[in-house]
Structure formats: structure tokens, C-alpha cells
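K.L.:
Sharing a structure here in C-alpha cells format.
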Amino acid sequence: MSVAVRQDPALIETNPPLVPGRRDYHDLTEQISTIVEAKVYETPKKYWVTLSITSSIVVLLLSMLTYLAVTGIGVWGNNRPIGWAWDITNFVFWIGIGHAGTLISAILFLFRQKWRTSINRSAEAMTLFAVMCAAIFPLFHTGRPWRAYWLFPVPNTDLNMWQNFRSPLIWDVFAVNTYLMVSILFWYTGLVPDVATLRDRAKSKIRAWVYGSLALGWRGSARHWRHYESAYLILAGISTPLVLSVHSVVSFDFATSVIPGWHTTIFPPYFVAGAIFSGFAMVMTLLLISRWLLNLQNLITMKHLENMNKIMLVTGSIVGYSYATEFFIAWYSGDVYEQFTFWNRAFGPYWWAAWTIYTCNAFIPQIFWFKKMRTSLWVMFIVSITSNIGMWFERFVIIATSLTRDFLPTSWGYFHPTWVDMLTLFGTFGLFFTLFLLFARFLPMIAMSEVKGVAAVERHTFAPPEPAAEEVH
Amino acid sequence: MPQFDIEQIKDKLGIGEDKVYAAMGSFTTPEELVKAGRKVREMGYTKLDAMTPFPVHGIDDALGIPYSKLGWVVIFFSITGTCLALFLQWYTGGLQMIKNLIPFGLSPYPLVIGGKPLFDFSFSIPIDFELTVAFTALATFYGLWITIGLPRMYHPSMNYRNAHRATDDRFLLVIEATDPMFDAQRASEHLRSVGADEVEVVAG
């Protein structure tokens, strides 16, 4: 056992334990497993009420998508010149949401940030659900979702040609599908030891079967753990460049075109920073809700929340800096079309949306410079909501303002969403929250094995001072 | 409640009570386990294992568990992924010379779009990268389960009274019967002497 460095008692205030209260391993198992094992009436009523509301919204989403599929994409407000409207906005928005999950689970793992342990599982689940929501939009924007296999390089005789690999849209197909697959594998690998715990605690035949099958016969052997940790490290190692690549590829959809306002090299890092920012905001929203719904205050501590707020401050500032850079480069380039587009963005027909994003993404997160704000639950909840509103509008503004004013003034236009547009977007939120609520209830929302590992280390770090006699040697 | 009826599986596999799997004992903290593991290994045992609810650091050295070579397997598949991506894009875009030799439905249909070349390394990079990552992830995932021999329905350690607590709060030490030094009586005594509780000779 490596000797853990003892925490200086004077610094406990600023660096509190991640698993407070020196609880033993069994308590941790109990607390996390009982959420999953509770009987229907034992789960708080507020949970079932929330779930029934969100699942009704899923029905709404399904009916909107059916309506679109049988009628055609004319039911959306997409027009000329704004052919890429809410569907691409929603796609980029949801993909971005997913990024925080991978960042927390992979990048913070590589940096050995122990505070990730109690939030990584739910953040990874959020990634999966967000990518699923995102995939809906390009799929239905094709107008013929049953032809979706044309997107993949499958030999077929009804098309008789291959995909155009010079187009960033096909890169997107590969990036998003790889991202979804890797996220599922990473999430499931992390889940296996915890599902094994549930299997071993199972009291009913159904539970023993379901969790037993998912656990693959995991028994916690030290030899297995060694390979397991190696595999986990590899998955984290490849997820890190992957997460950076996915939103970069998404930004190529715009950056490789020759539309003013899109044709910029800043897009990949700018999109990635925005994605992490919005994703962290969404993790914050979900964690604050589930922490309250399922009483997880001792596992998702203020330290976790404060750290996340710090990351939001950093990424929000990067996003703000990117906005400034975009304007500067538009001016500095001397390109009149570029200059017009940016002037139009801030003061044109979409000025209200543009100023929403500058306020929500660049200015509001700056209050996290103050510790009092960083540690206030209400403040962080509100900021997490405004950040997501801001980031949705960011994508909308990027897409709509460049298209709304074409090179020819005769083809200028304005986008009005239809009720189908609005209800579809609303419906994806229903799908997202439904999946998340089901996950939180039926799978261990907190990585038990990882939290126990942290608790084992903290047992030394935060051990009460030993008697003087023992400190001599 | 166990997922499977263990007795039934044993019947099918022909495992009788006379066959011994190991001597097992349990500890309440990871530190005790590591200390005990080291002592047992110093006694000369080589076929040792532990069962723990989370990866215990130091146990690998204490029990002499070798490094995982999974990475070497995985990198082979990563390179395969890159090559496949390059081939896919080169074949579907640029391969025209042998067009007539390729079966119908698989033949490339060269499209000139925006005056871009039919194949170039530079535009193939995103998909090269994505497929490398996809192959790496799949190889890691399946490689892990194949390496450690899971999934499996039955393992003799399931016969240990407290096996279910190895995923909860107990740290088990295992001296396997395949060890040349193994003697059920002696191994149990050795486990007790290093401080193990609930020492049992496990059949299966």
C-alpha cells in the first residue's frame, strides 16, 4: 500500500474529504444500492411524478417524428435561405452536452482527479442520452430516415455509388457513431463491478438474472482488476482525443464551407470549449436535481459542485474570448462580407439572440470568481440553466445569422420555427430526462467501486492525528 | 439469491465435492489484505489470488500478479483500423483502374465534386482517426473479457460462504489448489496465521 500523504488539518476547510464521515465500505454499498433496490412505493413519489411527466413528453416527441416522417420535412420551418435551422442547431447542442460526460470520465481520470468518482457515472450516462437525442435530428432531416443506411459505406445496389468522403458531413457520421459506441463501451466497462455488487445483493430471481447477466460473472479477482484497470486506462486514453475530435468534426460542417461567419479556423477549439461549457452546465442541472431527489448530499459534496463551477468559469471565459476573437478577425481580415456578417450578427435581425449568448455564456459565469457564488446551490442551478439557454442560442446564431443574409439581398430571409420544430426540441428534452431518470433508478448512479477506492485512500489522508509516541519512528 | 442453481451447474460440469479449488480467507481492510498477501507469498505460495470490491493498489506486487499485456493486443487492432479507413476511402473514391474487375454493387463510382481529388491523404484524416479509435475501443472491450475469461456462469469461488461480500466490503485472499505447495490443512492454517477470518477450504 502506498503511503498516502496526510492532509494538513489546517487545510481541511479548503480541501475537505470527497467522501466525508469516514464511512465504511458497506455503508457506501448500502446507500447507493438501496436507490436501485427500493420497491416502487419506497422511491420518493416526486420521482414517479417527474418520470410520468417526462415520459409523456417522449410520446409527444414520437408523434412529432411520426408526423414529420409521413408528411415530409416541410413541417419544419426550414426555408430558403435558412436550410439548416433548428435541426442542426439541436444536433450541435445535444452533441455538445455529451462532451462534459466524456471529459469528466476520461480526461479527469487521466489527470487523476479523484473528485470525478461520484459524478462520472451519471455524466457518462448523460453523454449517451445526449448523443441519442442529437442523432434524431440529422436522421430525420434526411426526410427519409428509413434510408439511413445510405450514410454508411454498405455495399448496396439501390444506390450504386459510395459516400463522398471529401464531405465533412460523412466525417460527422463516423465521428458521432464512434463517439456513441466508445461512450457505451466505456460506460458499460465501468458499470460491470457495480452491477456485480447488485447481483450479489439480489433478493429476487428477476434481479439476479438481469444484474447477473450484465455483470458477466465478475468476481473482483485481483488478476481481473489488473487487466480491467489497464483496459479502463486505454479507453480513457482514446476517449480523450475522441471527445476533442467529435466537436471539431462537427465544426468542420461549417468551417469547410465558404459562408462568411462559418469559414474560420477558430471553429474547432471554439466548438469544443463551448461543448464542455454547455455539458458541464447540463451535468450540474442533472446532479442538483438528482442530489435533491435521491438525497446524495454526502456523495455529491459541495467540493464536487465547486470544482465543476470552476471548470464552467474557465470554459465560459474561453467561449467569451472566442467571441471577441471572431469579431476581431472579422475586422482585421478586411473582408467586407465577413465584416458585414459579424455586424449583422450583433446588430442585425438576430441581435436579441446574439446578446443572449454573450450575456449567458461570457458574462454570467464570471460570477463564479466569487467563492460565495460558487458554493450557492441556487446560484449554480440558475447559471447552469442560463448557460444551456445561451449555448443553444450560440449554435442557432452561428447557423441562422450567416444564412439569413445571403450574398444577394433578394434572397435574404428570416427563420420562423413552426410548432413541430418547437415540440420536437421540447420532446428531446423529455427523452433525455426520461432516460436519465430511468438510469438513476435502475442502475447504480454512483460508481461504488471507485468511490470505495477514494474512501480507502482518504482513510489515511484524513486520519485523526496519531498519538505522539507513534510518530517518532 | 444466486442467478443460477450452482448445484445444477456442478452436476452438468461433473464437479464433485471431492475436488478442491482453494483455501480462502477474508479481511476487513485492504491494508491487512496486502500485508497478509505478502506474507503468504514469502511462505512460498505462487498460485495466489485476491477478490476485492475495488482495485487494491499494492496487491499486484504482493501476490506477484504480472502486468497486463492487453495494450499490445489492442495496438494491433488500432493499426488495423487506420489501414481499413485508408483503404475504404482510397478504394471507394480513387480506384478506377480495376473498376471492371469488381463485382456489381461494390464497384467504385468516381464522382468529381468541387474539383477535389478522388483520394488524398489530407481529407482522409478524420475518418482514419475515427476508425482507429473505434477499433481500439472494440479491441479493448472484447480483449478485456477474453483475457480474463468472462463472461462465465460458474466459478468455484462462488462456493465460498462470503464470496458475495467480495463485491461489497470484504477483501478475500485465495491460495489455489493448483499451487505445488498446496495442502488444504496447512494452507488454511497459514491463512489463519496471517490474520484471515472465515477461513474455508472451498470445493469445486
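Each chain of the C-alpha cells is named A, B, ... in the order shown, its residues numbered from 1; ligands are numbered from 1 in display order.
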Write out as a PDB file with all heavy atoms, in the first residue's frame the residues lying within 10 Å of Ile6 (chain B), counting only C-alpha atoms and excluding same-chain residues fewer than 4 positions away.
P.N.:
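For reference, around.pdb as written:
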ATOM      1  N   PRO B   2     -28.802 -16.545  -5.864  1.00  0.00           N
ATOM      2  CA  PRO B   2     -27.870 -16.635  -6.996  1.00  0.00           C
ATOM      3  C   PRO B   2     -28.606 -16.673  -8.332  1.00  0.00           C
ATOM      4  O   PRO B   2     -29.769 -17.072  -8.409  1.00  0.00           O
ATOM      5  CB  PRO B   2     -27.133 -17.947  -6.749  1.00  0.00           C
ATOM      6  CG  PRO B   2     -28.041 -18.734  -5.888  1.00  0.00           C
ATOM      7  CD  PRO B   2     -28.894 -17.794  -5.114  1.00  0.00           C
ATOM      8  N   LYS B  10     -22.829 -27.610 -11.366  1.00  0.00           N
ATOM      9  CA  LYS B  10     -21.768 -28.531 -10.961  1.00  0.00           C
ATOM     10  C   LYS B  10     -22.047 -29.934 -11.493  1.00  0.00           C
ATOM     11  O   LYS B  10     -21.147 -30.616 -11.965  1.00  0.00           O
ATOM     12  CB  LYS B  10     -21.659 -28.583  -9.447  1.00  0.00           C
ATOM     13  CG  LYS B  10     -20.822 -27.464  -8.867  1.00  0.00           C
ATOM     14  CD  LYS B  10     -20.998 -27.511  -7.396  1.00  0.00           C
ATOM     15  CE  LYS B  10     -19.799 -27.232  -6.591  1.00  0.00           C
ATOM     16  NZ  LYS B  10     -20.139 -27.323  -5.158  1.00  0.00           N
ATOM     17  N   ASP B  11     -23.325 -30.299 -11.413  1.00  0.00           N
ATOM     18  CA  ASP B  11     -23.721 -31.606 -11.944  1.00  0.00           C
ATOM     19  C   ASP B  11     -23.371 -31.716 -13.411  1.00  0.00           C
ATOM     20  O   ASP B  11     -22.765 -32.684 -13.860  1.00  0.00           O
ATOM     21  CB  ASP B  11     -25.242 -31.777 -11.787  1.00  0.00           C
ATOM     22  CG  ASP B  11     -25.562 -32.573 -10.547  1.00  0.00           C
ATOM     23  OD1 ASP B  11     -24.601 -32.869  -9.802  1.00  0.00           O
ATOM     24  OD2 ASP B  11     -26.748 -32.874 -10.321  1.00  0.00           O
ATOM     25  N   LYS B  12     -23.757 -30.684 -14.153  1.00  0.00           N
ATOM     26  CA  LYS B  12     -23.535 -30.684 -15.601  1.00  0.00           C
ATOM     27  C   LYS B  12     -22.057 -30.739 -15.917  1.00  0.00           C
ATOM     28  O   LYS B  12     -21.620 -31.417 -16.845  1.00  0.00           O
ATOM     29  CB  LYS B  12     -24.141 -29.415 -16.212  1.00  0.00           C
ATOM     30  CG  LYS B  12     -25.651 -29.471 -16.352  1.00  0.00           C
ATOM     31  CD  LYS B  12     -26.080 -29.067 -17.750  1.00  0.00           C
ATOM     32  CE  LYS B  12     -27.543 -29.398 -17.985  1.00  0.00           C
ATOM     33  NZ  LYS B  12     -28.430 -28.267 -17.764  1.00  0.00           N
ATOM     34  N   MET B 153     -20.576 -18.539 -16.188  1.00  0.00           N
ATOM     35  CA  MET B 153     -21.727 -18.707 -15.297  1.00  0.00           C
ATOM     36  C   MET B 153     -21.307 -19.239 -13.938  1.00  0.00           C
ATOM     37  O   MET B 153     -21.959 -19.007 -12.939  1.00  0.00           O
ATOM     38  CB  MET B 153     -22.730 -19.673 -15.921  1.00  0.00           C
ATOM     39  CG  MET B 153     -23.252 -19.172 -17.244  1.00  0.00           C
ATOM     40  SD  MET B 153     -24.825 -19.892 -17.673  1.00  0.00           S
ATOM     41  CE  MET B 153     -24.398 -21.579 -17.931  1.00  0.00           C
ATOM     42  N   TYR B 154     -20.189 -19.976 -13.930  1.00  0.00           N
ATOM     43  CA  TYR B 154     -19.816 -20.629 -12.687  1.00  0.00           C
ATOM     44  C   TYR B 154     -18.323 -20.439 -12.422  1.00  0.00           C
ATOM     45  O   TYR B 154     -17.496 -20.531 -13.325  1.00  0.00           O
ATOM     46  CB  TYR B 154     -20.118 -22.122 -12.787  1.00  0.00           C
ATOM     47  CG  TYR B 154     -19.559 -22.927 -11.643  1.00  0.00           C
ATOM     48  CD1 TYR B 154     -20.185 -22.882 -10.402  1.00  0.00           C
ATOM     49  CD2 TYR B 154     -18.413 -23.691 -11.801  1.00  0.00           C
ATOM     50  CE1 TYR B 154     -19.671 -23.593  -9.338  1.00  0.00           C
ATOM     51  CE2 TYR B 154     -17.896 -24.406 -10.738  1.00  0.00           C
ATOM     52  CZ  TYR B 154     -18.524 -24.358  -9.508  1.00  0.00           C
ATOM     53  OH  TYR B 154     -18.018 -25.051  -8.459  1.00  0.00           O
ATOM     54  N   HIS B 155     -18.009 -20.160 -11.191  1.00  0.00           N
ATOM     55  CA  HIS B 155     -16.617 -20.173 -10.773  1.00  0.00           C
ATOM     56  C   HIS B 155     -16.575 -20.786  -9.387  1.00  0.00           C
ATOM     57  O   HIS B 155     -17.444 -20.478  -8.553  1.00  0.00           O
ATOM     58  CB  HIS B 155     -16.039 -18.765 -10.760  1.00  0.00           C
ATOM     59  CG  HIS B 155     -14.556 -18.762 -10.557  1.00  0.00           C
ATOM     60  ND1 HIS B 155     -13.997 -18.630  -9.323  1.00  0.00           N
ATOM     61  CD2 HIS B 155     -13.550 -18.925 -11.432  1.00  0.00           C
ATOM     62  CE1 HIS B 155     -12.674 -18.704  -9.449  1.00  0.00           C
ATOM     63  NE2 HIS B 155     -12.376 -18.874 -10.717  1.00  0.00           N
ATOM     64  N   PRO B 156     -15.584 -21.666  -9.123  1.00  0.00           N
ATOM     65  CA  PRO B 156     -15.581 -22.345  -7.817  1.00  0.00           C
ATOM     66  C   PRO B 156     -15.606 -21.390  -6.630  1.00  0.00           C
ATOM     67  O   PRO B 156     -16.123 -21.748  -5.570  1.00  0.00           O
ATOM     68  CB  PRO B 156     -14.290 -23.167  -7.844  1.00  0.00           C
ATOM     69  CG  PRO B 156     -13.665 -22.972  -9.163  1.00  0.00           C
ATOM     70  CD  PRO B 156     -14.573 -22.194 -10.034  1.00  0.00           C
ATOM     71  N   MET B 158     -17.471 -19.200  -6.024  1.00  0.00           N
ATOM     72  CA  MET B 158     -18.856 -18.933  -5.619  1.00  0.00           C
ATOM     73  C   MET B 158     -19.264 -19.815  -4.446  1.00  0.00           C
ATOM     74  O   MET B 158     -20.261 -19.536  -3.766  1.00  0.00           O
ATOM     75  CB  MET B 158     -19.810 -19.199  -6.795  1.00  0.00           C
ATOM     76  CG  MET B 158     -19.780 -18.116  -7.848  1.00  0.00           C
ATOM     77  SD  MET B 158     -20.338 -18.750  -9.439  1.00  0.00           S
ATOM     78  CE  MET B 158     -22.084 -18.541  -9.299  1.00  0.00           C
ATOM     79  N   ASN B 159     -18.525 -20.901  -4.217  1.00  0.00           N
ATOM     80  CA  ASN B 159     -18.865 -21.795  -3.120  1.00  0.00           C
ATOM     81  C   ASN B 159     -18.404 -21.266  -1.773  1.00  0.00           C
ATOM     82  O   ASN B 159     -18.783 -21.793  -0.735  1.00  0.00           O
ATOM     83  CB  ASN B 159     -18.238 -23.175  -3.354  1.00  0.00           C
ATOM     84  CG  ASN B 159     -18.810 -23.824  -4.583  1.00  0.00           C
ATOM     85  OD1 ASN B 159     -20.010 -23.788  -4.793  1.00  0.00           O
ATOM     86  ND2 ASN B 159     -17.944 -24.387  -5.404  1.00  0.00           N
TER      87      ASN B 159
END
K.L.:
Write out as a ChimeraX atom specification the residues lying within 7 Å of Tyr21 (chain B), counting only C-alpha atoms and excluding same-chain residues fewer than 3 positions away.
P.N.:
/B:156,176-177,202-204
K.L.:
Give as a PyMOL selection string every residue of chain A that touches chain B within 7 Å, counting only C-alpha atoms.
P.N.:
chain A and resi 1+25-26+29+155-157+160-162+165-166+171+174-175+178+182+185+196-197+200+202-205+208-209+212+216-217+219-228+230-231+235+238+449-450+452-453
K.L.:
Taking the DSSP assignment computed from this structure's backbone, write out as a PyMOL selection string all residues of region 87-279 of chain A that belong to helix (DSSP H, G or I).
P.N.:
chain A and resi 87-110+114-141+145-151+168-201+205-215+222-255+267-279
K.L.:
Output C-alpha atoms for every residue in that selection, as a short mmCIF file (atom, residue, chain, number, x, y, z; two decimals), in the first residue's frame.
P.N.:
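Result saved to result14.cif:
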data_model
loop_
_atom_site.label_atom_id
_atom_site.label_comp_id
_atom_site.auth_asym_id
_atom_site.auth_seq_id
_atom_site.Cartn_x
_atom_site.Cartn_y
_atom_site.Cartn_z
CA ASP A 87 -32.35 20.63 -36.64
CA ILE A 88 -28.64 21.33 -36.96
CA THR A 89 -28.81 23.71 -34.01
CA ASN A 90 -30.33 20.99 -31.86
CA PHE A 91 -27.90 18.41 -33.17
CA VAL A 92 -24.86 20.51 -32.30
CA PHE A 93 -26.41 21.48 -28.98
CA TRP A 94 -27.05 17.89 -27.89
CA ILE A 95 -23.69 16.60 -29.09
CA GLY A 96 -22.08 19.39 -27.11
CA ILE A 97 -24.00 18.40 -23.97
CA GLY A 98 -22.49 14.95 -24.23
CA HIS A 99 -18.94 16.25 -24.16
CA ALA A 100 -18.84 17.00 -20.46
CA GLY A 101 -19.57 13.37 -19.68
CA THR A 102 -16.54 12.15 -21.55
CA LEU A 103 -14.44 14.97 -20.19
CA ILE A 104 -15.32 14.03 -16.63
CA SER A 105 -14.92 10.30 -17.15
CA ALA A 106 -11.84 10.27 -19.38
CA ILE A 107 -9.82 13.47 -19.12
CA LEU A 108 -10.26 13.90 -15.38
CA PHE A 109 -9.38 10.23 -15.00
CA LEU A 110 -6.11 10.74 -16.84
CA LYS A 114 -10.36 11.91 -7.62
CA TRP A 115 -13.38 14.15 -7.31
CA ARG A 116 -14.69 12.74 -10.57
CA THR A 117 -15.62 9.42 -8.97
CA SER A 118 -19.04 10.27 -7.63
CA ILE A 119 -20.17 12.15 -10.73
CA ASN A 120 -18.56 10.24 -13.60
CA ARG A 121 -21.16 7.50 -13.94
CA SER A 122 -24.08 9.89 -14.27
CA ALA A 123 -22.07 12.18 -16.54
CA GLU A 124 -21.27 9.26 -18.85
CA ALA A 125 -24.91 8.20 -18.91
CA MET A 126 -25.80 11.75 -19.77
CA THR A 127 -23.37 11.58 -22.70
CA LEU A 128 -25.13 8.54 -24.11
CA PHE A 129 -28.56 10.03 -23.81
CA ALA A 130 -27.46 13.37 -25.24
CA VAL A 131 -25.86 11.70 -28.27
CA MET A 132 -29.06 9.70 -28.81
CA CYS A 133 -31.09 12.92 -28.76
CA ALA A 134 -28.60 14.52 -31.14
CA ALA A 135 -28.76 11.65 -33.62
CA ILE A 136 -32.51 12.14 -34.05
CA PHE A 137 -32.10 15.46 -35.85
CA PRO A 138 -29.79 14.64 -38.77
CA LEU A 139 -31.60 11.32 -39.12
CA PHE A 140 -34.98 12.99 -39.59
CA HIS A 141 -33.58 15.93 -41.51
CA PRO A 145 -34.97 8.05 -42.04
CA TRP A 146 -35.59 4.53 -43.34
CA ARG A 147 -32.79 5.18 -45.85
CA ALA A 148 -30.33 5.97 -43.06
CA TYR A 149 -28.11 3.09 -44.04
CA TRP A 150 -27.11 5.10 -47.12
CA LEU A 151 -24.97 7.10 -44.72
CA PRO A 168 -17.42 16.79 -43.66
CA LEU A 169 -20.98 15.50 -43.37
CA ILE A 170 -19.79 11.92 -43.77
CA TRP A 171 -16.98 12.63 -41.29
CA ASP A 172 -19.76 13.54 -38.89
CA VAL A 173 -21.44 10.19 -39.42
CA PHE A 174 -18.23 8.42 -38.46
CA ALA A 175 -17.40 10.76 -35.59
CA VAL A 176 -20.82 10.63 -33.96
CA ASN A 177 -21.24 6.88 -34.31
CA THR A 178 -17.75 6.20 -33.00
CA TYR A 179 -18.43 8.56 -30.13
CA LEU A 180 -21.68 6.82 -29.25
CA MET A 181 -20.09 3.39 -29.43
CA VAL A 182 -16.99 4.28 -27.41
CA SER A 183 -19.14 6.02 -24.80
CA ILE A 184 -21.33 2.94 -24.43
CA LEU A 185 -18.31 0.64 -24.07
CA PHE A 186 -16.61 2.92 -21.58
CA TRP A 187 -19.77 3.34 -19.54
CA TYR A 188 -20.55 -0.35 -19.51
CA THR A 189 -16.99 -1.34 -18.60
CA GLY A 190 -17.17 0.99 -15.62
CA LEU A 191 -20.56 -0.41 -14.68
CA VAL A 192 -19.63 -4.11 -14.52
CA PRO A 193 -18.13 -4.24 -10.98
CA ASP A 194 -21.05 -2.27 -9.58
CA VAL A 195 -23.61 -4.42 -11.31
CA ALA A 196 -21.82 -7.41 -9.78
CA THR A 197 -22.45 -5.86 -6.38
CA LEU A 198 -26.14 -5.61 -7.18
CA ARG A 199 -26.13 -9.20 -8.41
CA ASP A 200 -24.64 -10.39 -5.14
CA ARG A 201 -27.24 -8.47 -3.16
CA LYS A 205 -34.94 -14.04 -9.28
CA ILE A 206 -35.52 -11.33 -11.89
CA ARG A 207 -32.94 -9.04 -10.36
CA ALA A 208 -30.44 -11.88 -10.03
CA TRP A 209 -30.92 -12.64 -13.71
CA VAL A 210 -30.80 -9.11 -15.05
CA TYR A 211 -27.87 -7.89 -12.99
CA GLY A 212 -26.21 -11.29 -13.10
CA SER A 213 -26.23 -11.28 -16.87
CA LEU A 214 -24.98 -7.71 -17.05
CA ALA A 215 -22.19 -8.46 -14.56
CA ALA A 222 -7.08 -9.20 -8.36
CA ARG A 223 -5.90 -10.59 -11.71
CA HIS A 224 -9.05 -9.30 -13.34
CA TRP A 225 -8.69 -5.92 -11.73
CA ARG A 226 -5.23 -5.59 -13.19
CA HIS A 227 -6.44 -6.15 -16.77
CA TYR A 228 -9.54 -4.14 -16.05
CA GLU A 229 -7.58 -1.10 -14.94
CA SER A 230 -5.39 -1.40 -17.99
CA ALA A 231 -8.44 -1.56 -20.27
CA TYR A 232 -10.03 1.37 -18.46
CA LEU A 233 -6.90 3.42 -18.94
CA ILE A 234 -6.82 2.63 -22.67
CA LEU A 235 -10.48 3.56 -23.05
CA ALA A 236 -9.90 6.81 -21.16
CA GLY A 237 -6.81 7.47 -23.25
CA ILE A 238 -8.63 7.13 -26.56
CA SER A 239 -11.77 8.87 -25.39
CA THR A 240 -9.76 12.00 -24.66
CA PRO A 241 -8.68 12.73 -28.25
CA LEU A 242 -12.03 11.37 -29.42
CA VAL A 243 -14.06 13.88 -27.47
CA LEU A 244 -11.91 16.69 -28.80
CA SER A 245 -12.29 15.35 -32.33
CA VAL A 246 -16.06 14.93 -32.32
CA HIS A 247 -16.94 18.56 -31.88
CA SER A 248 -14.07 19.54 -34.13
CA VAL A 249 -15.59 17.40 -36.86
CA VAL A 250 -19.00 18.89 -36.13
CA SER A 251 -17.48 22.34 -36.55
CA PHE A 252 -15.96 21.25 -39.90
CA ASP A 253 -19.51 21.06 -41.24
CA PHE A 254 -19.41 24.82 -41.05
CA ALA A 255 -15.72 25.65 -41.24
CA PHE A 267 -14.16 26.82 -35.05
CA PRO A 268 -12.76 23.50 -33.74
CA PRO A 269 -11.34 24.77 -30.42
CA TYR A 270 -14.20 27.23 -30.06
CA PHE A 271 -16.79 24.49 -30.51
CA VAL A 272 -15.00 22.13 -28.13
CA ALA A 273 -14.79 24.75 -25.38
CA GLY A 274 -18.45 25.60 -25.88
CA ALA A 275 -19.37 21.93 -25.78
CA ILE A 276 -17.58 21.37 -22.49
CA PHE A 277 -19.13 24.51 -21.08
CA SER A 278 -22.67 23.52 -22.01
CA GLY A 279 -22.10 19.92 -20.99
#
K.L.:
Residues of chain B in strand (DSSP E or B) according to DSSP, as JSON, numbers by chain?
P.N.:
{"B": [20, 21, 22, 23, 24, 25, 26, 27, 48, 49, 50, 51, 171, 172, 173, 174, 175, 176, 197, 198, 199, 200, 201, 202, 203]}
K.L.:
Got a sec: who's within 12 Å of Arg441 (chain A), counting only C-alpha atoms, leaving out chain neighbours fewer than 5 positions off, as an MDAnalysis selection string?
P.N.:
chainID A and resid 32:40 42:44 47:48 51 122 290 293:294 434:436 446
K.L.:
Compile the contact shell of Ser52 (chain A) as a ChimeraX atom specification: residues with an atom at most 12 Å away, counting only C-alpha atoms, same-chain residues fewer than 3 positions apart removed.
P.N.:
/A:45-49,55-59,430-431,433-435,437-438
